[in-house]
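> Contents of my_file_6.txt (compact mmCIF, C-alpha atoms and all ligand atoms):
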```
# COMPACT_ATOMS: atom_id res chain seq x y z
CA SER H 1 26.52 14.87 58.16
CA GLN H 2 25.65 13.25 54.81
CA ASP H 3 27.24 15.80 52.54
CA ARG H 4 30.52 16.20 54.45
CA VAL H 5 33.57 14.22 53.37
CA PHE H 6 36.36 12.89 55.57
CA ASN H 7 39.12 15.36 54.82
CA PHE H 8 42.58 13.96 55.57
CA ALA H 9 44.40 17.10 54.40
CA ALA H 10 47.51 18.28 56.24
CA GLY H 11 46.37 21.88 56.49
CA PRO H 12 44.17 23.75 55.99
CA ALA H 13 42.44 20.79 57.55
CA THR H 14 39.14 19.52 58.81
CA LEU H 15 37.47 21.52 61.58
CA PRO H 16 34.99 20.24 64.17
CA GLU H 17 31.49 20.09 62.74
CA ARG H 18 30.12 21.62 65.93
CA VAL H 19 32.35 24.64 65.44
CA LEU H 20 31.36 25.10 61.81
CA LEU H 21 27.68 24.90 62.65
CA LYS H 22 28.04 27.36 65.51
CA ALA H 23 29.94 29.78 63.27
CA GLN H 24 27.24 29.34 60.66
CA SER H 25 24.53 30.19 63.15
CA GLU H 26 26.42 33.31 64.23
CA LEU H 27 27.73 34.32 60.83
CA TYR H 28 25.05 36.82 59.83
CA ASN H 29 24.38 38.41 63.17
CA TRP H 30 26.82 37.68 65.98
CA ARG H 31 24.92 37.38 69.25
CA GLY H 32 22.51 40.21 68.55
CA SER H 33 25.22 42.69 67.58
CA GLY H 34 23.54 43.15 64.19
CA MET H 35 26.71 42.29 62.30
CA SER H 36 29.06 39.43 61.60
CA VAL H 37 32.42 39.09 63.33
CA MET H 38 34.01 39.90 59.95
CA GLU H 39 32.47 43.35 60.01
CA MET H 40 33.28 44.38 63.57
CA SER H 41 35.82 46.93 64.63
CA HIS H 42 38.79 45.13 66.12
CA ARG H 43 38.77 47.77 68.86
CA GLY H 44 35.10 47.48 69.74
CA LYS H 45 33.91 45.75 72.91
CA ASP H 46 32.42 42.79 71.05
CA PHE H 47 35.65 41.81 69.34
CA LEU H 48 37.64 42.51 72.50
CA SER H 49 35.42 40.02 74.31
CA ILE H 50 36.11 37.47 71.54
CA ILE H 51 39.90 37.79 71.57
CA ASN H 52 40.10 37.92 75.37
CA LYS H 53 37.97 34.78 75.70
CA ALA H 54 40.05 33.02 73.04
CA GLU H 55 43.21 33.84 74.97
CA SER H 56 41.85 32.83 78.35
CA ASP H 57 40.46 29.55 77.01
CA LEU H 58 43.80 28.76 75.39
CA ARG H 59 45.52 29.56 78.69
CA SER H 60 43.19 27.11 80.47
CA LEU H 61 43.68 24.40 77.86
CA LEU H 62 47.48 24.48 77.89
CA GLY H 63 47.92 25.70 81.46
CA ILE H 64 49.86 28.75 80.24
CA PRO H 65 51.28 30.63 83.25
CA ASP H 66 51.01 34.41 83.66
CA ASP H 67 54.67 34.95 82.89
CA TYR H 68 54.02 33.87 79.30
CA ALA H 69 52.45 36.11 76.66
CA VAL H 70 49.98 34.72 74.13
CA LEU H 71 50.06 36.50 70.77
CA PHE H 72 47.66 36.14 67.84
CA LEU H 73 49.70 37.08 64.78
CA GLN H 74 49.72 36.80 61.00
CA GLY H 75 52.16 35.51 58.41
CA GLY H 76 52.00 31.80 59.20
CA ALA H 77 54.56 29.76 61.05
CA THR H 78 56.93 30.64 58.22
CA THR H 79 57.11 34.24 59.44
CA GLN H 80 58.14 32.96 62.86
CA PHE H 81 61.17 31.27 61.28
CA ALA H 82 62.50 34.85 60.98
CA ALA H 83 60.75 36.50 63.93
CA ILE H 84 62.23 34.21 66.58
CA PRO H 85 65.90 34.83 65.76
CA LEU H 86 65.18 38.52 65.22
CA ASN H 87 63.58 38.83 68.65
CA LEU H 88 65.84 36.54 70.64
CA CYS H 89 69.28 36.95 69.08
CA THR H 90 71.89 39.42 68.08
CA PRO H 91 73.40 38.81 64.63
CA ASP H 92 76.41 37.18 66.35
CA ASP H 93 74.45 34.82 68.58
CA SER H 94 74.60 31.08 67.99
CA ILE H 95 71.49 28.95 68.06
CA ASP H 96 71.14 25.18 67.70
CA PHE H 97 68.81 23.22 65.46
CA VAL H 98 67.78 19.59 65.67
CA VAL H 99 66.21 18.97 62.28
CA THR H 100 63.81 16.04 62.05
CA GLY H 101 62.02 17.00 58.82
CA SER H 102 61.62 19.60 56.14
CA TRP H 103 59.90 22.24 58.31
CA GLY H 104 62.76 22.30 60.78
CA ASP H 105 65.12 22.54 57.84
CA LYS H 106 63.27 25.58 56.51
CA ALA H 107 63.41 27.24 59.92
CA PHE H 108 67.16 26.56 60.06
CA LYS H 109 67.77 28.08 56.65
CA GLU H 110 65.74 31.19 57.40
CA ALA H 111 67.54 31.76 60.71
CA LYS H 112 70.86 32.01 58.81
CA LYS H 113 69.80 35.49 57.69
CA PHE H 114 69.55 36.81 61.25
CA CYS H 115 72.08 35.03 63.47
CA LYS H 116 74.42 32.04 63.50
CA PRO H 117 72.48 28.78 63.53
CA ASN H 118 74.24 25.43 63.94
CA LEU H 119 72.74 22.24 62.61
CA ILE H 120 73.64 19.94 65.51
CA TRP H 121 71.60 16.99 64.25
CA SER H 122 69.75 16.18 61.05
CA GLY H 123 67.67 13.14 60.15
CA LYS H 124 67.99 13.85 56.45
CA SER H 125 70.27 10.92 55.60
CA ASP H 126 67.61 8.57 57.02
CA ASN H 127 64.88 10.40 55.06
CA TYR H 128 63.67 11.96 58.32
CA THR H 129 62.33 8.88 60.05
CA ASN H 130 63.72 9.31 63.55
CA ILE H 131 64.68 11.57 66.43
CA PRO H 132 68.11 11.49 68.10
CA ALA H 133 68.88 10.37 71.64
CA PHE H 134 69.09 13.65 73.52
CA ASP H 135 72.18 12.67 75.52
CA ASP H 136 74.19 12.37 72.32
CA LEU H 137 73.43 15.90 71.12
CA ASP H 138 76.48 18.09 70.82
CA GLN H 139 74.91 21.39 71.88
CA THR H 140 76.79 24.62 71.37
CA SER H 141 77.84 25.96 74.75
CA ASN H 142 76.65 29.53 74.20
CA ALA H 143 73.64 28.81 71.97
CA ARG H 144 70.82 31.23 72.72
CA TYR H 145 68.20 28.57 72.13
CA LEU H 146 67.61 25.11 70.76
CA HIS H 147 64.99 24.86 68.02
CA ILE H 148 62.89 21.81 67.26
CA CYS H 149 59.83 21.12 65.16
CA ALA H 150 57.65 19.22 67.63
CA ASN H 151 55.77 17.44 64.85
CA GLU H 152 57.03 17.23 61.29
CA THR H 153 53.87 17.41 59.20
CA ILE H 154 55.33 15.92 56.03
CA HIS H 155 57.46 13.15 57.51
CA GLY H 156 55.21 12.20 60.41
CA VAL H 157 57.91 12.40 63.08
CA GLU H 158 56.84 13.66 66.52
CA PHE H 159 58.84 14.41 69.66
CA LYS H 160 57.28 12.46 72.57
CA THR H 161 59.62 14.05 75.12
CA PHE H 162 61.73 17.15 74.74
CA PRO H 163 65.48 17.76 74.89
CA THR H 164 66.81 20.03 77.61
CA PRO H 165 68.72 22.87 76.04
CA ARG H 166 72.16 23.46 77.47
CA ASN H 167 71.43 27.08 78.39
CA GLY H 168 67.77 26.73 79.21
CA LEU H 169 65.81 27.96 76.18
CA LEU H 170 63.79 25.67 73.97
CA ALA H 171 61.91 26.98 70.90
CA ALA H 172 59.34 24.75 69.24
CA ASP H 173 57.29 24.83 66.08
CA MET H 174 54.07 23.12 67.15
CA SER H 175 52.08 23.99 64.04
CA SER H 176 50.85 20.48 63.40
CA ASN H 177 50.36 19.14 66.91
CA PHE H 178 49.26 22.28 68.74
CA CYS H 179 46.57 21.49 71.32
CA SER H 180 46.61 17.81 70.39
CA LYS H 181 47.86 16.82 73.86
CA PRO H 182 48.92 18.47 77.12
CA VAL H 183 52.28 20.24 77.00
CA ASN H 184 54.33 21.64 79.86
CA VAL H 185 54.67 25.18 78.55
CA THR H 186 57.23 26.09 81.21
CA LYS H 187 59.79 23.88 79.43
CA PHE H 188 59.78 26.28 76.50
CA GLY H 189 60.99 29.80 75.85
CA VAL H 190 58.74 30.08 72.84
CA ILE H 191 56.10 27.92 71.17
CA TYR H 192 54.56 28.85 67.84
CA ALA H 193 51.92 27.39 65.58
CA GLY H 194 49.98 28.23 62.48
CA ALA H 195 46.31 27.67 63.28
CA GLN H 196 45.24 25.84 60.16
CA LYS H 197 45.77 22.28 61.31
CA ASN H 198 44.32 21.81 64.75
CA VAL H 199 42.75 25.06 65.90
CA GLY H 200 41.31 27.16 63.12
CA PRO H 201 41.62 28.63 59.64
CA SER H 202 44.86 29.76 58.03
CA GLY H 203 45.80 33.37 58.66
CA VAL H 204 46.24 33.13 62.42
CA THR H 205 49.60 32.26 63.97
CA ILE H 206 49.80 31.74 67.70
CA VAL H 207 52.97 32.56 69.63
CA ILE H 208 53.40 31.68 73.30
CA ILE H 209 56.52 33.30 74.69
CA ARG H 210 58.05 33.82 78.12
CA LYS H 211 57.62 37.50 78.87
CA ASP H 212 61.21 38.18 79.92
CA LEU H 213 62.34 37.24 76.41
CA ILE H 214 60.34 40.07 74.87
CA GLY H 215 61.84 43.48 74.21
CA ASN H 216 65.30 42.77 72.81
CA ALA H 217 64.54 42.54 69.11
CA GLN H 218 67.27 43.47 66.66
CA GLU H 219 66.97 47.11 65.62
CA LYS H 220 66.10 46.30 62.03
CA THR H 221 63.15 44.10 63.08
CA PRO H 222 59.99 45.14 61.19
CA VAL H 223 57.23 46.24 63.58
CA MET H 224 55.07 43.37 62.44
CA LEU H 225 57.70 40.89 63.62
CA ASP H 226 58.47 42.58 66.93
CA TYR H 227 56.95 40.64 69.84
CA LYS H 228 57.12 43.68 72.10
CA ILE H 229 54.89 45.71 69.80
CA HIS H 230 52.30 42.93 69.68
CA SER H 231 52.55 42.10 73.35
CA ASP H 232 52.22 45.75 74.47
CA ASN H 233 49.13 46.05 72.28
CA ASN H 234 47.47 42.72 73.13
CA SER H 235 47.79 41.55 69.52
CA LEU H 236 45.89 44.67 68.38
CA TYR H 237 48.74 46.86 67.16
CA ASN H 238 47.26 46.67 63.68
CA THR H 239 44.16 44.92 62.38
CA PRO H 240 44.45 41.29 63.46
CA PRO H 241 42.91 38.34 61.58
CA CYS H 242 39.65 38.88 63.47
CA TYR H 243 37.48 36.19 61.97
CA GLY H 244 40.21 33.56 62.24
CA ILE H 245 40.76 34.42 65.90
CA TYR H 246 37.02 34.07 66.47
CA ILE H 247 37.05 30.56 64.93
CA CYS H 248 40.10 29.60 67.00
CA GLY H 249 38.14 30.74 70.05
CA LEU H 250 35.24 28.46 69.11
CA VAL H 251 37.69 25.56 68.72
CA PHE H 252 39.26 26.24 72.14
CA GLU H 253 35.78 26.28 73.70
CA ASP H 254 35.02 23.00 72.00
CA LEU H 255 38.25 21.39 73.25
CA LEU H 256 37.46 22.49 76.80
CA GLU H 257 33.95 21.10 76.50
CA GLN H 258 35.43 17.76 75.36
CA GLY H 259 37.26 17.63 78.68
CA GLY H 260 40.52 19.38 77.85
CA LEU H 261 43.74 18.16 76.29
CA GLU H 262 44.14 14.95 78.27
CA GLU H 263 40.88 13.72 76.85
CA VAL H 264 41.82 15.03 73.40
CA GLU H 265 45.12 13.14 73.56
CA ARG H 266 43.35 9.95 74.59
CA LYS H 267 41.13 10.19 71.50
CA ASN H 268 44.08 11.02 69.27
CA LYS H 269 46.07 8.04 70.52
CA HIS H 270 43.15 5.74 69.90
CA LYS H 271 42.72 6.99 66.32
CA ALA H 272 46.44 6.82 65.55
CA ASN H 273 46.77 3.30 67.01
CA LEU H 274 43.97 2.05 64.79
CA LEU H 275 45.71 3.36 61.71
CA TYR H 276 49.28 2.33 62.58
CA ASN H 277 48.08 -1.14 63.57
CA ALA H 278 46.34 -1.51 60.23
CA ILE H 279 49.61 -0.59 58.51
CA ASP H 280 51.80 -2.82 60.67
CA GLU H 281 49.46 -5.79 60.45
CA SER H 282 49.21 -5.65 56.66
CA LYS H 283 52.19 -8.02 56.18
CA GLY H 284 54.08 -5.38 54.26
CA PHE H 285 51.27 -4.39 51.90
CA TYR H 286 51.33 -0.97 53.63
CA ARG H 287 54.45 0.44 55.22
CA CYS H 288 55.17 3.40 57.48
CA PRO H 289 58.87 4.28 57.42
CA VAL H 290 58.93 6.21 60.70
CA GLU H 291 60.56 4.63 63.75
CA LYS H 292 57.73 3.35 65.93
CA SER H 293 58.56 5.30 69.09
CA VAL H 294 58.35 8.69 67.35
CA ARG H 295 55.42 8.19 65.00
CA SER H 296 53.16 11.20 64.84
CA LEU H 297 49.65 11.04 66.27
CA MET H 298 48.64 13.69 63.72
CA ASN H 299 50.22 12.88 60.35
CA VAL H 300 50.52 9.29 59.25
CA PRO H 301 52.64 8.76 56.12
CA PHE H 302 52.55 5.36 54.48
CA THR H 303 53.48 3.71 51.22
CA LEU H 304 52.22 0.71 49.30
CA GLU H 305 54.58 -2.17 48.62
CA LYS H 306 53.15 -2.11 45.09
CA SER H 307 53.75 1.58 44.57
CA GLU H 308 52.05 1.44 41.18
CA LEU H 309 48.75 1.06 43.07
CA GLU H 310 49.08 4.30 45.00
CA ALA H 311 47.23 6.47 42.52
CA GLU H 312 44.43 3.89 42.44
CA PHE H 313 44.28 3.88 46.25
CA VAL H 314 43.86 7.64 46.38
CA LYS H 315 41.28 7.59 43.62
CA GLU H 316 39.15 4.84 45.14
CA ALA H 317 39.31 6.45 48.58
CA ALA H 318 38.12 9.73 47.08
CA LYS H 319 35.14 7.94 45.56
CA GLU H 320 34.22 6.89 49.09
CA LYS H 321 34.45 10.47 50.33
CA MET H 322 37.90 10.15 51.93
CA LEU H 323 39.89 13.00 50.46
CA GLN H 324 43.42 14.39 50.39
CA LEU H 325 45.24 11.13 51.09
CA LYS H 326 48.05 11.73 48.62
CA GLY H 327 51.43 12.13 50.33
CA HIS H 328 53.40 15.35 50.14
CA ARG H 329 54.99 15.81 46.72
CA SER H 330 58.47 15.62 48.26
CA VAL H 331 58.00 12.14 49.73
CA GLY H 332 55.25 10.48 47.66
CA GLY H 333 53.09 7.65 48.93
CA MET H 334 50.12 8.49 51.09
CA ARG H 335 49.56 10.60 54.16
CA ALA H 336 46.52 10.62 56.40
CA SER H 337 46.36 13.69 58.62
CA ILE H 338 44.16 12.86 61.57
CA TYR H 339 44.05 16.04 63.62
CA ASN H 340 41.81 16.58 66.65
CA ALA H 341 38.81 17.27 64.43
CA MET H 342 39.04 14.05 62.42
CA PRO H 343 36.24 11.92 63.86
CA LEU H 344 36.97 8.36 64.95
CA ALA H 345 34.46 7.30 62.28
CA GLY H 346 36.76 8.78 59.62
CA VAL H 347 39.73 6.70 60.77
CA GLU H 348 37.57 3.59 61.11
CA LYS H 349 36.31 4.07 57.59
CA LEU H 350 39.85 4.54 56.26
CA VAL H 351 41.07 1.39 58.03
CA ALA H 352 38.15 -0.65 56.67
CA PHE H 353 38.87 0.70 53.20
CA MET H 354 42.57 -0.19 53.52
CA LYS H 355 41.74 -3.76 54.47
CA ASP H 356 39.30 -4.08 51.61
CA PHE H 357 41.77 -2.54 49.15
CA GLN H 358 44.44 -4.97 50.29
CA ALA H 359 42.10 -7.95 49.92
CA ARG H 360 41.36 -6.91 46.36
CA HIS H 361 44.95 -6.14 45.36
CA ALA H 362 47.23 -8.38 47.43
N1 LIG H 401 55.78 24.32 60.31
C1 LIG H 401 55.07 23.19 60.19
C2 LIG H 401 55.34 22.06 61.11
C3 LIG H 401 54.09 23.10 59.20
O1 LIG H 401 53.37 21.99 59.06
C4 LIG H 401 53.85 24.21 58.36
C5 LIG H 401 52.77 24.21 57.31
N2 LIG H 401 52.43 23.05 56.74
C6 LIG H 401 54.64 25.34 58.51
C7 LIG H 401 55.58 25.37 59.52
C8 LIG H 401 54.45 26.54 57.65
O2 LIG H 401 53.29 27.14 58.06
P1 LIG H 401 52.60 28.35 57.32
O3 LIG H 401 52.13 27.83 56.01
O4 LIG H 401 51.50 28.68 58.28
O5 LIG H 401 53.61 29.43 57.19
```
Could you write out this file's structure as structure tokens?
Ligand code: PMP

Amino acid sequence: SQDRVFNFAAGPATLPERVLLKAQSELYNWRGSGMSVMEMSHRGKDFLSIINKAESDLRSLLGIPDDYAVLFLQGGATTQFAAIPLNLCTPDDSIDFVVTGSWGDKAFKEAKKFCKPNLIWSGKSDNYTNIPAFDDLDQTSNARYLHICANETIHGVEFKTFPTPRNGLLAADMSSNFCSKPVNVTKFGVIYAGAQKNVGPSGVTIVIIRKDLIGNAQEKTPVMLDYKIHSDNNSLYNTPPCYGIYICGLVFEDLLEQGGLEEVERKNKHKANLLYNAIDESKGFYRCPVEKSVRSLMNVPFTLEKSELEAEFVKEAAKEKMLQLKGHRSVGGMRASIYNAMPLAGVEKLVAFMKDFQARHA
């Protein structure tokens, strides 16, 4: 609508207008219950219907089989950097990390507190612009799992296919491309994602984990990090982030109504192609450093050949209601996050602006 901007933020990020309007219409009195979702008991039948529907819609969207648990947790993806090793490893277990950006690096560093992680590949020396050939990976023979960050939000590097771990378990941080495309869940031992990019507000973290991996947490594991506690209690061991789960549920409904994740991926590819083509066809005025085959459909980092114009670019874009285009402070330049909820019109407007900016400043 007229008063909404195009918000290119990396997260919290733009949400579908339809979802916001529906939440608005239900905010004061949820479906005749006489109260908002924020005020409901998390153990009452109304909220139970909300969380159960959210789970079953997510299961439909991603095709999550019955032998996987779906958990709605708190603490952000950052908490999972600790929870996964605590739940899956003994302190002496090895795990492997392929690090393709700063989020994977953070997960690696946190895991050091709980087991014995090995950094078997890092893209750091290339400023995180690529992904290794899987055949060349020197995996540790007894590693409990192999961890990847499926989409590096800051560097814009996305796995298009997944490595096969030597012993069968793959763990993936999907925070910034969760529900952006179909994924074969059965390839993973555990998938986790903070909600605040593609599926809802911050405060909800979704964990999808194969059920046989639950129940072996290290003894010192805090209850709030123990998957068995949350799984046995259907994510209601303590008070969950009720309102956030409700919004995630509305987003899942919306994605199903759009035709599911194949359709969502088709739209995402179209948007990303428009933007990458504009960059690649700018004769070097704009540049994206990421190797073409692994460029993210969600986070598009780019720089200006005349870097002194970057602040001006961000400022002029903001004047035209395109916000949050400044790159992450660690890499500079620009970054356009174009999650599921970014309308095609937003990307078209950005591309038109980029062409106009170039014509004025080339
Ligand atoms: N992993 C990835 C890929 C992320 O993008 C982020 C947040 N930007 C995190 C982990 C950390 O998530 P949170 O802030 O929810 O802890």
> Can you tell me which residues sit at most 10 Å away from ligand LIG 401 (chain H), counting all atoms listed in the file, written as a PyMOL selection string?
chain H and resi 10-12+74-81+101-107+148-156+172-178+192-197+201-205+299
> Quick one: distance from atom CA of H:Asn167 to atom CA of H:Thr140 in Å, one decimal?
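Taking atom CA of H:Asn167 as the start and atom CA of H:Thr140 as the end point, the length is 9.2 Å.
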> Have a look at atom CA of H:Ile208 and atom CA of H:Tyr68 and let me know their distance in Å, one decimal.
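Separation between atom CA of H:Ile208 and atom CA of H:Tyr68: 6.4 Å.
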> Could you name the residues that touch stretch 117-125 of chain H at 6 Å or less, counting all atoms listed in the file, but leaving out those on the same chain fewer than 2 positions away, as number ranges by chain?
H: 94-100, 112, 127-128
> Using only C-alpha atoms, which protein or nucleic acid residues come within 7 Å of stretch 43-60 of chain H? Drop anything in the same chain fewer than 3 positions from it, and give the result as a count of residues only.
10
> Grab the atom CA of H:Val314 to atom CA of H:Ala278 distance for me, in Å with one decimal place.
16.8 Å
> Determine the nearest neighbour of H:Ala345 from the options H:Leu275, H:Val223, H:Leu86, H:Ala311, counting only C-alpha atoms.
H:Leu275
> Identify, on the basis of only C-alpha atoms, every residue whose closest approach to H:Lys292 does not exceed 10 Å; exclude the query and any residue fewer than 3 positions from it along the same chain; express the result as a compact mmCIF listing (two decimals) with C-alpha atoms, in the coordinates of the input.

```txt
# COMPACT_ATOMS: atom_id res chain seq x y z
CA THR H 129 62.33 8.88 60.05
CA ASN H 130 63.72 9.31 63.55
CA VAL H 157 57.91 12.40 63.08
CA TYR H 276 49.28 2.33 62.58
CA CYS H 288 55.17 3.40 57.48
CA PRO H 289 58.87 4.28 57.42
CA ARG H 295 55.42 8.19 65.00
CA SER H 296 53.16 11.20 64.84
```
> Give me, as a list in words, all polymer residues having an atom no more than 12 Å from H:Lys116, counting all atoms listed in the file and skipping those fewer than 5 positions away in the same chain.
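Close residues of H:Lys116: Pro85, Leu86, Cys89, Thr90, Pro91, Asp92, Asp93, Ser94, Ile95, Asp96, Phe97, Phe108, Lys109, Glu110, Ala111, Thr140, Asn142, Ala143, Arg144 and Tyr145 of chain H.
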> Given 8 Å of margin on each side, can you work out the centre and size in Å (one decimal) of an axis-aligned box holding every listed atom of stretch 246-256 of chain H, as AutoDock Vina command-line options?

```
--center_x 37.6 --center_y 27.7 --center_z 70.9 --size_x 21.1 --size_y 28.7 --size_z 27.9
```
> Find the residue from H:Ile209, H:Ser25, H:Met224, H:Leu62 that sits nearest to H:Leu261; use all atoms listed in the file when measuring.
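Checking each of H:Ile209, H:Ser25, H:Met224, H:Leu62 against H:Leu261, counting all atoms listed in the file, the winner is H:Leu62.
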> Between H:Leu61, H:Ala13, H:Val199, H:Val185, which is the closest to H:Glu257 once you count only C-alpha atoms?
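Of the candidates, the smallest distance to H:Glu257 is held by H:Leu61.
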> Between H:Ile279, H:Leu73, H:Leu256, H:Val294, which residue has the minimum interatomic distance to H:Thr161, considering all atoms listed in the file?
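Checking each candidate against H:Thr161, we get H:Val294 as the closest.
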> So that I can see what lies close to stretch 267-271 of chain H, please list as a list in words the residues with an atom at most 7 Å from it, counting all atoms listed in the file and leaving out residues fewer than 2 positions away in the same chain.
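Residues near the query, excluding close chain neighbours: Glu263, Val264, Glu265, Asn273, Leu274, Leu275, Leu297, Asn340, Leu344 and Val347 of chain H.
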